[in-house]
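See below for the structure under consideration.
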Amino acid sequence: MATFTSILLMAEVSNNSSNALLISLLATMAFTFFSILVSSLAKKNFVEPVLLGKIIGHYLKDAPTWLNVTLGTIIHFFTGYIFAEAHLWFYRILTPAWYNGIFLGLANGILGALIWYAVIRVYKNFMEVHVANYLLQLILGHIIFGLVIVMMYAPPALG
């Protein structure tokens with residue numbers, strides 16, 4: 001079974017953004033797994049694809065839940081790709097280091113929190129999300145996202 005470190009080494013993309021899709025997939029998966037973990041611990045629904053699926057279900061009233069969540073997942077991963085591309089662009093002018101991964105993740109997290117805050121306000125009748133807790137986990141998830149991107153873009157020396 002491959003470890004996370006061996007996956008990073010196999011997928012090394014040092015100073016090359018042509019693998020942005022792979023980077024965005026792994027970073028978005030890490031972000032999503034974090035959301036699932038926090039949801040499980042907090043016994044609340046903080047999983048972005050599921051929340052997006054609720055919004056989609058509001059408009060596609062007869063669609064099955066699995067379709068709504070699948071569309072929410074596609075939207076979530078597409079958004080992750082856009083955010084990852086932004087990170088990779090910034091690494092043209094910033095040193096790809098862990099502290100910049102945290103900084104860019106925090107910046108993306110604040111932007112994401114502002115967007116989700118507006119979305120929750122618009123759809124408050126059926127979203128049922130504890131706003132403060134959700135936005136905090138969203139910002140922390142984006143920091144994880146940023147760290148995974150920088151580790152994929154410029155993997156640390158491992159001894």
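The chains in the structure tokens are called A, B, ... from first to last as shown; in each chain the residues are counted from 1, and the ligands are counted from 1 in the order shown.
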Handout entry: Backbone-only DSSP, helix (DSSP H, G or I) members of chain A, as a PyMOL selection string
Key = chain A and resi 4-10+17-42+48-59+65-90+98-122+124-127+131-153
Closest contacts (stretch 65-102 of chain A/stretch 38-48 of chain A, max 8 Å, only C-alpha atoms) as JSON lines:
{"residue": "A:Gly72", "atom": "CA", "partner": "A:Glu48", "partner_atom": "CA", "distance": 7.6}
{"residue": "A:Thr73", "atom": "CA", "partner": "A:Glu48", "partner_atom": "CA", "distance": 7.8}
{"residue": "A:His76", "atom": "CA", "partner": "A:Glu48", "partner_atom": "CA", "distance": 6.9}
With all heavy atoms kept, could you save the residues just selected as a PDB file, in the first residue's frame?
ATOM      1  N   GLY A  72     -22.728  18.147  -6.945  1.00  0.00           N
ATOM      2  CA  GLY A  72     -22.040  18.946  -5.937  1.00  0.00           C
ATOM      3  C   GLY A  72     -20.562  18.593  -5.868  1.00  0.00           C
ATOM      4  O   GLY A  72     -19.708  19.477  -5.713  1.00  0.00           O
ATOM      5  N   THR A  73     -20.246  17.315  -6.000  1.00  0.00           N
ATOM      6  CA  THR A  73     -18.859  16.867  -5.990  1.00  0.00           C
ATOM      7  C   THR A  73     -18.106  17.404  -7.203  1.00  0.00           C
ATOM      8  O   THR A  73     -16.968  17.865  -7.085  1.00  0.00           O
ATOM      9  CB  THR A  73     -18.792  15.331  -5.949  1.00  0.00           C
ATOM     10  OG1 THR A  73     -19.479  14.876  -4.781  1.00  0.00           O
ATOM     11  CG2 THR A  73     -17.365  14.831  -5.928  1.00  0.00           C
ATOM     12  N   HIS A  76     -17.478  21.009  -6.606  1.00  0.00           N
ATOM     13  CA  HIS A  76     -16.456  21.163  -5.573  1.00  0.00           C
ATOM     14  C   HIS A  76     -15.058  20.917  -6.144  1.00  0.00           C
ATOM     15  O   HIS A  76     -14.133  21.708  -5.896  1.00  0.00           O
ATOM     16  CB  HIS A  76     -16.759  20.185  -4.430  1.00  0.00           C
ATOM     17  CG  HIS A  76     -15.798  20.233  -3.295  1.00  0.00           C
ATOM     18  ND1 HIS A  76     -15.577  21.355  -2.541  1.00  0.00           N
ATOM     19  CD2 HIS A  76     -14.998  19.270  -2.772  1.00  0.00           C
ATOM     20  CE1 HIS A  76     -14.686  21.092  -1.604  1.00  0.00           C
ATOM     21  NE2 HIS A  76     -14.318  19.831  -1.729  1.00  0.00           N
TER      22      HIS A  76
END
Problem - Top pick for closest residue to A:Ile23, considering A:Leu37, A:Leu88, A:Ala118, A:Ala132 and counting only C-alpha atoms - result: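 That would be A:Leu88, the residue with the smallest distance to A:Ile23.
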Exercise for the section: Show which residues sit within 6 Å of stretch 106-115 of chain A, as a list of chain:residue names. Count only C-alpha atoms, and ignore same-chain residues fewer than 4 positions away. Expected result: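 The filter keeps A:Ile102, A:Leu135, A:Ile139, A:His142, A:Ile143.
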Practice task
Compile the contact shell of A:Val131 as an NGL selection string: residues with an atom at most 8 Å away, counting only C-alpha atoms, same-chain residues fewer than 2 positions apart removed.
Solution key: :A and (117 or 120 or 129 or 133-135)
Would you save the residues from that selection as a PDB file, in the first residue's frame, using N, CA and C atoms?
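Saved result, out_31.pdb, follows:
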ATOM      1  N   TYR A 117     -20.499  32.165   3.275  1.00  0.00           N
ATOM      2  CA  TYR A 117     -21.362  32.932   4.171  1.00  0.00           C
ATOM      3  C   TYR A 117     -22.534  33.521   3.375  1.00  0.00           C
ATOM      4  N   ILE A 120     -24.884  30.658   2.347  1.00  0.00           N
ATOM      5  CA  ILE A 120     -25.701  30.201   3.477  1.00  0.00           C
ATOM      6  C   ILE A 120     -26.806  31.207   3.783  1.00  0.00           C
ATOM      7  N   VAL A 129     -26.911  24.943   8.673  1.00  0.00           N
ATOM      8  CA  VAL A 129     -25.478  24.857   8.944  1.00  0.00           C
ATOM      9  C   VAL A 129     -25.154  25.798  10.098  1.00  0.00           C
ATOM     10  N   ASN A 133     -18.979  27.559  13.084  1.00  0.00           N
ATOM     11  CA  ASN A 133     -18.200  26.323  13.058  1.00  0.00           C
ATOM     12  C   ASN A 133     -17.860  25.910  11.628  1.00  0.00           C
ATOM     13  N   TYR A 134     -18.835  26.040  10.738  1.00  0.00           N
ATOM     14  CA  TYR A 134     -18.589  25.659   9.352  1.00  0.00           C
ATOM     15  C   TYR A 134     -17.506  26.528   8.721  1.00  0.00           C
ATOM     16  N   LEU A 135     -17.589  27.836   8.927  1.00  0.00           N
ATOM     17  CA  LEU A 135     -16.612  28.733   8.317  1.00  0.00           C
ATOM     18  C   LEU A 135     -15.214  28.518   8.897  1.00  0.00           C
TER      19      LEU A 135
END
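Shortest separation to A:Phe34 among A:Leu104, A:Leu140, A:Val69, A:Val119 occurs at residue A:Leu140, atoms counted being only C-alpha atoms.
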Can you list, as a short mmCIF file (atom, residue, chain, number, x, y, z; two decimals) with N, CA, C and O atoms, in the first residue's frame, every protein, DNA or RNA residue that comes within 9 Å of A:Tyr81 when you count only C-alpha atoms, leaving out same-chain residues fewer than 2 positions away?
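As written to disk, out.cif reads:
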data_model
loop_
_atom_site.label_atom_id
_atom_site.label_comp_id
_atom_site.auth_asym_id
_atom_site.auth_seq_id
_atom_site.Cartn_x
_atom_site.Cartn_y
_atom_site.Cartn_z
N ALA A 20 -1.33 20.38 -12.87
CA ALA A 20 -2.25 21.09 -11.98
C ALA A 20 -3.49 20.25 -11.67
O ALA A 20 -4.02 20.32 -10.56
N LEU A 21 -3.93 19.45 -12.61
CA LEU A 21 -5.11 18.62 -12.37
C LEU A 21 -4.85 17.61 -11.26
O LEU A 21 -5.66 17.47 -10.33
N ILE A 23 -2.52 17.79 -8.92
CA ILE A 23 -2.34 18.55 -7.69
C ILE A 23 -3.69 18.95 -7.12
O ILE A 23 -3.95 18.79 -5.92
N SER A 24 -4.57 19.47 -7.97
CA SER A 24 -5.87 19.92 -7.48
C SER A 24 -6.71 18.75 -6.98
O SER A 24 -7.43 18.89 -5.98
N LEU A 25 -6.63 17.61 -7.63
CA LEU A 25 -7.39 16.43 -7.17
C LEU A 25 -6.94 16.00 -5.78
O LEU A 25 -7.77 15.78 -4.90
N THR A 28 -7.80 18.76 -3.16
CA THR A 28 -9.24 18.81 -2.89
C THR A 28 -9.69 17.57 -2.13
O THR A 28 -10.57 17.66 -1.26
N HIS A 76 -17.48 21.01 -6.61
CA HIS A 76 -16.46 21.16 -5.57
C HIS A 76 -15.06 20.92 -6.14
O HIS A 76 -14.13 21.71 -5.90
N PHE A 77 -14.89 19.86 -6.92
CA PHE A 77 -13.57 19.55 -7.47
C PHE A 77 -13.18 20.54 -8.57
O PHE A 77 -12.00 20.87 -8.71
N PHE A 78 -14.13 21.03 -9.34
CA PHE A 78 -13.83 22.06 -10.33
C PHE A 78 -13.36 23.34 -9.64
O PHE A 78 -12.39 23.96 -10.05
N THR A 79 -14.05 23.71 -8.56
CA THR A 79 -13.64 24.88 -7.78
C THR A 79 -12.25 24.66 -7.19
O THR A 79 -11.42 25.58 -7.19
N PHE A 83 -8.92 27.07 -7.63
CA PHE A 83 -8.12 27.54 -6.50
C PHE A 83 -6.68 27.02 -6.60
O PHE A 83 -5.73 27.75 -6.29
N ALA A 84 -6.49 25.77 -7.02
CA ALA A 84 -5.14 25.21 -7.17
C ALA A 84 -4.37 25.96 -8.25
O ALA A 84 -3.17 26.25 -8.08
N GLU A 85 -5.02 26.26 -9.35
CA GLU A 85 -4.36 27.04 -10.40
C GLU A 85 -3.91 28.41 -9.86
O GLU A 85 -2.84 28.89 -10.20
N ALA A 86 -4.74 29.01 -9.00
CA ALA A 86 -4.37 30.29 -8.40
C ALA A 86 -3.12 30.12 -7.54
O ALA A 86 -2.18 30.94 -7.61
#
Exercise for the section: Could you tell me which of A:Asp62, A:Leu138, A:Ala27, A:Gly57 comes closest to A:Ile82 if we count only C-alpha atoms? Expected result: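 That would be A:Ala27, the residue with the smallest distance to A:Ile82.
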Practice task
Could you please determine the separation between atom CA of A:Thr95 and atom CA of A:Leu22 in Å, to one decimal place?
Solution key: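 Separating atom CA of A:Thr95 from atom CA of A:Leu22 is a distance of 20.6 Å.
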